[in-house]
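> See data-v1.cif below, with mmCIF, C-alpha atoms.
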```cif
data_coords
#
loop_
_atom_site.label_atom_id
_atom_site.label_comp_id
_atom_site.auth_asym_id
_atom_site.auth_seq_id
_atom_site.Cartn_x
_atom_site.Cartn_y
_atom_site.Cartn_z
CA MET T 1 0.42 -23.14 7.61
CA ILE T 2 -0.83 -20.86 4.82
CA LEU T 3 -0.88 -17.98 7.32
CA THR T 4 2.81 -18.53 8.02
CA ILE T 5 3.58 -18.55 4.29
CA THR T 6 1.63 -15.31 3.86
CA LEU T 7 3.54 -13.78 6.78
CA ILE T 8 6.91 -14.72 5.24
CA ALA T 9 5.82 -13.30 1.84
CA LEU T 10 4.82 -10.08 3.61
CA LEU T 11 8.27 -9.87 5.20
CA VAL T 12 9.93 -10.37 1.79
CA THR T 13 7.70 -7.67 0.27
CA MET T 14 8.55 -5.26 3.09
CA ALA T 15 12.26 -5.94 2.55
CA PHE T 16 11.89 -5.13 -1.17
CA ALA T 17 10.03 -1.90 -0.35
CA LEU T 18 12.76 -0.97 2.14
CA ILE T 19 15.44 -1.54 -0.51
CA ARG T 20 13.50 0.73 -2.88
CA ALA T 21 13.15 3.37 -0.15
CA ILE T 22 16.93 3.36 0.42
CA LYS T 23 17.89 3.14 -3.28
CA GLY T 24 15.17 5.31 -4.81
CA PRO T 25 16.58 8.09 -7.00
CA THR T 26 13.75 10.60 -6.52
CA VAL T 27 11.77 11.65 -3.47
CA TYR T 28 8.58 10.20 -5.03
CA ASP T 29 10.14 6.73 -5.08
CA ARG T 30 10.80 7.03 -1.37
CA ILE T 31 7.25 8.22 -0.65
CA LEU T 32 5.87 5.35 -2.74
CA ALA T 33 8.06 2.82 -0.95
CA SER T 34 7.09 4.11 2.51
CA ASN T 35 3.41 4.01 1.54
CA ALA T 36 3.75 0.43 0.30
CA LEU T 37 5.58 -0.42 3.52
CA GLY T 38 2.66 0.98 5.55
CA THR T 39 0.13 -1.06 3.56
CA LYS T 40 2.15 -4.23 4.10
CA THR T 41 2.37 -3.44 7.81
CA VAL T 42 -1.43 -3.26 8.00
CA LEU T 43 -1.76 -6.64 6.29
CA MET T 44 0.92 -8.08 8.54
CA ILE T 45 -0.86 -6.90 11.70
CA ALA T 46 -4.12 -8.46 10.44
CA VAL T 47 -2.50 -11.81 9.58
CA LEU T 48 -0.46 -11.81 12.81
CA GLY T 49 -3.66 -11.53 14.84
CA PHE T 50 -4.87 -14.80 13.33
CA VAL T 51 -1.48 -16.43 13.90
CA VAL T 52 -1.27 -15.58 17.61
CA GLY T 53 -4.99 -16.30 18.14
CA ASP T 54 -6.34 -12.88 19.22
CA PRO T 55 -7.63 -11.33 15.97
CA GLU T 56 -10.19 -8.93 17.50
CA LEU T 57 -7.54 -6.70 19.08
CA TYR T 58 -5.19 -6.78 16.10
CA ILE T 59 -7.88 -5.84 13.54
CA ASP T 60 -8.66 -2.67 15.51
CA ILE T 61 -4.98 -1.72 15.48
CA ALA T 62 -4.84 -2.39 11.72
CA ILE T 63 -7.84 -0.12 11.02
CA MET T 64 -6.24 2.73 12.99
CA TYR T 65 -2.90 2.16 11.23
CA VAL T 66 -4.33 2.38 7.71
CA LEU T 67 -6.10 5.69 8.48
CA ILE T 68 -3.04 7.29 10.09
CA GLY T 69 -0.80 6.03 7.27
CA PHE T 70 -3.05 7.59 4.64
CA ILE T 71 -3.03 10.95 6.43
CA GLY T 72 0.77 10.86 6.74
CA THR T 73 1.31 10.01 3.07
CA VAL T 74 -1.02 12.74 1.84
CA ALA T 75 0.60 15.29 4.18
CA VAL T 76 4.10 14.49 2.86
CA LEU T 77 2.80 14.63 -0.73
CA LYS T 78 1.20 18.04 -0.18
CA ILE T 79 4.42 19.38 1.29
CA SER T 80 6.49 18.03 -1.60
CA GLU T 81 4.03 19.39 -4.20
CA PHE T 82 3.02 22.79 -2.85
CA GLY T 83 5.60 23.56 -0.16
CA ASN T 84 2.97 23.88 2.58
CA LEU T 85 -0.05 22.05 3.97
CA GLY T 86 -2.60 24.33 2.32
CA GLN T 87 -2.81 27.05 4.95
CA PRO T 88 -3.58 30.60 3.74
CA GLN T 89 -0.54 32.59 2.64
CA SER T 90 -1.29 35.82 4.50
CA HIS T 91 2.32 36.80 5.18
CA THR T 92 3.36 36.70 1.51
CA GLU T 93 0.34 38.79 0.52
CA ALA T 94 1.34 41.35 3.12
CA GLU T 95 4.86 41.52 1.72
CA ASP T 96 3.69 41.97 -1.89
CA PRO T 97 2.85 45.71 -1.86
CA MET I 98 -16.13 -23.90 9.96
CA SER I 99 -17.07 -26.06 7.05
CA ASP I 100 -14.52 -27.72 4.83
CA LEU I 101 -15.36 -25.71 1.70
CA THR I 102 -14.98 -22.38 3.49
CA ASP I 103 -11.59 -23.46 4.81
CA LEU I 104 -10.44 -24.45 1.32
CA LEU I 105 -11.71 -21.18 -0.20
CA SER I 106 -9.96 -19.14 2.50
CA MET I 107 -6.68 -20.94 1.87
CA ALA I 108 -7.02 -20.40 -1.89
CA LEU I 109 -7.68 -16.67 -1.41
CA LEU I 110 -4.68 -16.34 0.91
CA GLY I 111 -2.51 -18.11 -1.65
CA ILE I 112 -3.70 -15.81 -4.47
CA GLY I 113 -3.04 -12.77 -2.28
CA THR I 114 0.46 -14.01 -1.44
CA LEU I 115 1.21 -14.51 -5.14
CA PHE I 116 0.09 -10.98 -5.99
CA LEU I 117 2.11 -9.59 -3.05
CA LEU I 118 5.29 -11.12 -4.47
CA ILE I 119 4.47 -9.92 -8.02
CA GLY I 120 3.89 -6.37 -6.76
CA ALA I 121 7.08 -6.41 -4.71
CA THR I 122 9.10 -7.53 -7.74
CA GLY I 123 7.53 -4.73 -9.79
CA LEU I 124 8.30 -2.19 -7.07
CA LEU I 125 11.94 -3.24 -7.04
CA ARG I 126 12.66 -3.87 -10.73
CA LEU I 127 10.64 -1.41 -12.87
CA PRO I 128 12.51 1.57 -14.35
CA ASP I 129 10.42 4.67 -13.49
CA VAL I 130 8.37 6.14 -10.67
CA PHE I 131 5.11 5.77 -12.62
CA THR I 132 5.74 2.15 -13.54
CA ARG I 133 6.75 1.41 -9.96
CA LEU I 134 3.49 3.02 -8.87
CA HIS I 135 1.65 0.66 -11.21
CA GLY I 136 3.48 -2.29 -9.65
CA ALA I 137 2.74 -1.18 -6.10
CA SER I 138 -0.96 -0.51 -6.79
CA VAL I 139 -1.44 -4.17 -7.74
CA THR I 140 -0.38 -5.09 -4.23
CA ASP I 141 -2.51 -2.39 -2.64
CA THR I 142 -5.80 -3.47 -4.22
CA LEU I 143 -5.69 -7.09 -5.40
CA GLY I 144 -3.19 -8.57 -2.93
CA ALA I 145 -4.66 -6.84 0.11
CA GLY I 146 -8.21 -7.57 -1.10
CA ALA I 147 -7.60 -11.28 -1.56
CA ILE I 148 -5.75 -11.65 1.77
CA LEU I 149 -8.43 -9.76 3.71
CA LEU I 150 -11.24 -11.74 2.03
CA GLY I 151 -9.44 -14.94 3.00
CA LEU I 152 -9.11 -13.72 6.59
CA ALA I 153 -12.81 -12.75 6.64
CA LEU I 154 -13.76 -16.25 5.47
CA ALA I 155 -11.49 -17.73 8.14
CA ALA I 156 -13.13 -15.56 10.83
CA GLY I 157 -16.67 -16.77 10.14
CA TRP I 158 -19.90 -14.84 10.75
CA GLY I 159 -19.76 -12.17 13.43
CA LEU I 160 -18.32 -8.83 14.42
CA LEU I 161 -14.79 -9.80 13.39
CA MET I 162 -15.89 -10.44 9.80
CA GLY I 163 -17.56 -7.02 9.74
CA LYS I 164 -14.37 -5.37 10.99
CA ILE I 165 -12.26 -7.12 8.36
CA LEU I 166 -14.71 -6.12 5.61
CA ALA I 167 -14.63 -2.52 6.89
CA LEU I 168 -10.83 -2.62 6.71
CA LEU I 169 -11.10 -4.00 3.16
CA LEU I 170 -13.48 -1.17 2.18
CA ILE I 171 -11.18 1.47 3.71
CA MET I 172 -8.13 0.07 1.91
CA ALA I 173 -10.03 -0.17 -1.40
CA LEU I 174 -10.98 3.51 -1.07
CA LEU I 175 -7.66 4.90 0.18
CA GLY I 176 -5.21 2.92 -1.97
CA PRO I 177 -6.22 4.32 -5.38
CA SER I 178 -6.58 7.85 -3.98
CA THR I 179 -3.05 7.66 -2.55
CA ALA I 180 -1.76 6.39 -5.91
CA HIS I 181 -3.53 9.21 -7.74
CA ALA I 182 -2.14 11.86 -5.37
CA LEU I 183 1.36 10.42 -5.76
CA ALA I 184 1.16 10.39 -9.58
CA ARG I 185 -0.18 13.95 -9.56
CA ALA I 186 2.62 15.14 -7.28
CA ALA I 187 5.23 13.38 -9.44
CA THR I 188 3.79 14.97 -12.61
CA HIS I 189 3.76 18.37 -10.92
CA GLY I 190 7.39 17.80 -9.96
CA PHE I 191 8.33 17.49 -13.67
CA ARG I 192 8.89 13.75 -13.70
CA LYS I 193 8.28 12.68 -17.29
CA PRO I 194 7.01 9.12 -17.82
CA TRP I 195 9.62 6.64 -18.98
CA LEU I 196 9.41 6.03 -22.74
CA HIS I 197 11.74 3.70 -24.56
CA GLU I 198 11.65 5.55 -27.91
CA ALA I 199 12.24 8.93 -26.30
CA ASP I 200 15.21 7.52 -24.38
CA GLU I 201 16.71 6.14 -27.58
CA ALA I 202 16.05 9.39 -29.48
CA GLU I 203 17.83 11.49 -26.83
CA LYS I 204 20.96 9.38 -27.09
#
```
I'd like the structure from this file rewritten - as structure tokens, please.

Amino acid sequence: MILTITLIALLVTMAFALIRAIKGPTVYDRILASNALGTKTVLMIAVLGFVVGDPELYIDIAIMYVLIGFIGTVAVLKISEFGNLGQPQSHTEAEDP
Amino acid sequence: MSDLTDLLSMALLGIGTLFLLIGATGLLRLPDVFTRLHGASVTDTLGAGAILLGLALAAGWGLLMGKILALLLIMALLGPSTAHALARAATHGFRKPWLHEADEAEK
């Protein structure tokens, strides 16, 4: 019963984050909304495992999802902040002289 | 599962659900990217922590509880670092924090 209520609240939260991702005026709002959406997806996978009665499998999927979501968010943030992923800028140094 | 553990798990799930809805309202209604980040971080740490603790109590002793606590530890480490990276990128992108007095003074 309480698991179903939590699942419905998670769906409402994901809908709010999706509205913010569509509406958001800056790119950082969209990154924040997609990151929040990923976190809620992890929680939803974990709760859904208890609802359908096979939590061992679903918890493993949730652990993999949170790690991949973190890597994706940080990669998008590095691109939006520095313009690259941190690789050495050898070609611009060659063009300088 | 004993009766007290069941009650505690349900209470933790209810607290987590409440904080999820509070964080979602903050993410939708607050005026600036930094304040929205503050609203979303509540959900990332307290809501997720309470829900995962409730699930760990519902799972009982065993490997599943260890996996859920590992997921809780990972989310407690990665959520604040993601929020910090996002705030740093937004500051570097010349997003000034929303201030009521500054808004009024500019008009």
> Could you give me, as a tab-separated table, a per-residue list for stretch 1-44 of chain T showing, wherever an atom lies at most 10 Å from an atom of stretch 105-126 of chain I, the closest pair of atoms and their distance in Å to one decimal, using all atoms listed in the file and sorting by chain then residue number from low to high?

```
residue	atom	partner	partner_atom	distance
T:Met1	CA	I:Met107	CA	9.4
T:Ile2	CA	I:Met107	CA	6.6
T:Leu3	CA	I:Leu110	CA	7.6
T:Ile5	CA	I:Thr114	CA	7.9
T:Thr6	CA	I:Thr114	CA	5.6
T:Leu7	CA	I:Thr114	CA	8.8
T:Ile8	CA	I:Thr114	CA	9.3
T:Ala9	CA	I:Thr114	CA	6.3
T:Leu10	CA	I:Leu117	CA	7.2
T:Val12	CA	I:Leu118	CA	7.8
T:Thr13	CA	I:Ala121	CA	5.2
T:Met14	CA	I:Ala121	CA	8.0
T:Ala15	CA	I:Ala121	CA	8.9
T:Phe16	CA	I:Ala121	CA	6.1
T:Ala17	CA	I:Ala121	CA	6.9
T:Leu18	CA	I:Leu125	CA	9.5
T:Ile19	CA	I:Leu125	CA	7.6
T:Arg20	CA	I:Leu125	CA	6.0
T:Ala21	CA	I:Leu125	CA	9.6
T:Lys23	CA	I:Leu125	CA	9.5
T:Gly24	CA	I:Leu125	CA	9.4
T:Asp29	CA	I:Leu124	CA	9.3
T:Leu32	CA	I:Leu124	CA	9.0
T:Ala33	CA	I:Leu124	CA	7.9
T:Ala36	CA	I:Leu124	CA	9.0
T:Lys40	CA	I:Leu117	CA	8.9
```
> Please check the contacts: residues of chain I at most 9 Å away from chain T, using only C-alpha atoms, listed as a ChimeraX atom specification.
/I:107,110-111,113-115,117-118,120-122,124-125,129-130,133-134,137-138,140-141,145,148-149,152,155-156,160-161,164-165,167-168,171-172,175-176,179-180,182-187,189-190
> My list of candidates is T:Gly72, T:Thr4, T:Gly53, T:Leu48. Which is closest to T:Ser34 when distances are computed with only C-alpha atoms?
T:Gly72
> For atom CA of I:Ala147 and atom CA of I:Leu169, quote the distance in Å rounded to one decimal.
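Answer for the atom CA of I:Ala147 to atom CA of I:Leu169 separation: 9.4 Å.
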> Go ahead and compute the interatomic distance for atom CA of T:Ile22 and atom CA of T:Gly49, in Å to one decimal.
29.2 Å
> Using only the atoms of stretch 132-141 of chain I listed in the file, plus 5 Å on each side, state the axis-aligned box centre and edge lengths in Å rounded to one decimal, as AutoDock Vina command-line options.

```
--center_x 2.1 --center_y -1.0 --center_z -8.1 --size_x 19.3 --size_y 18.1 --size_z 20.9
```
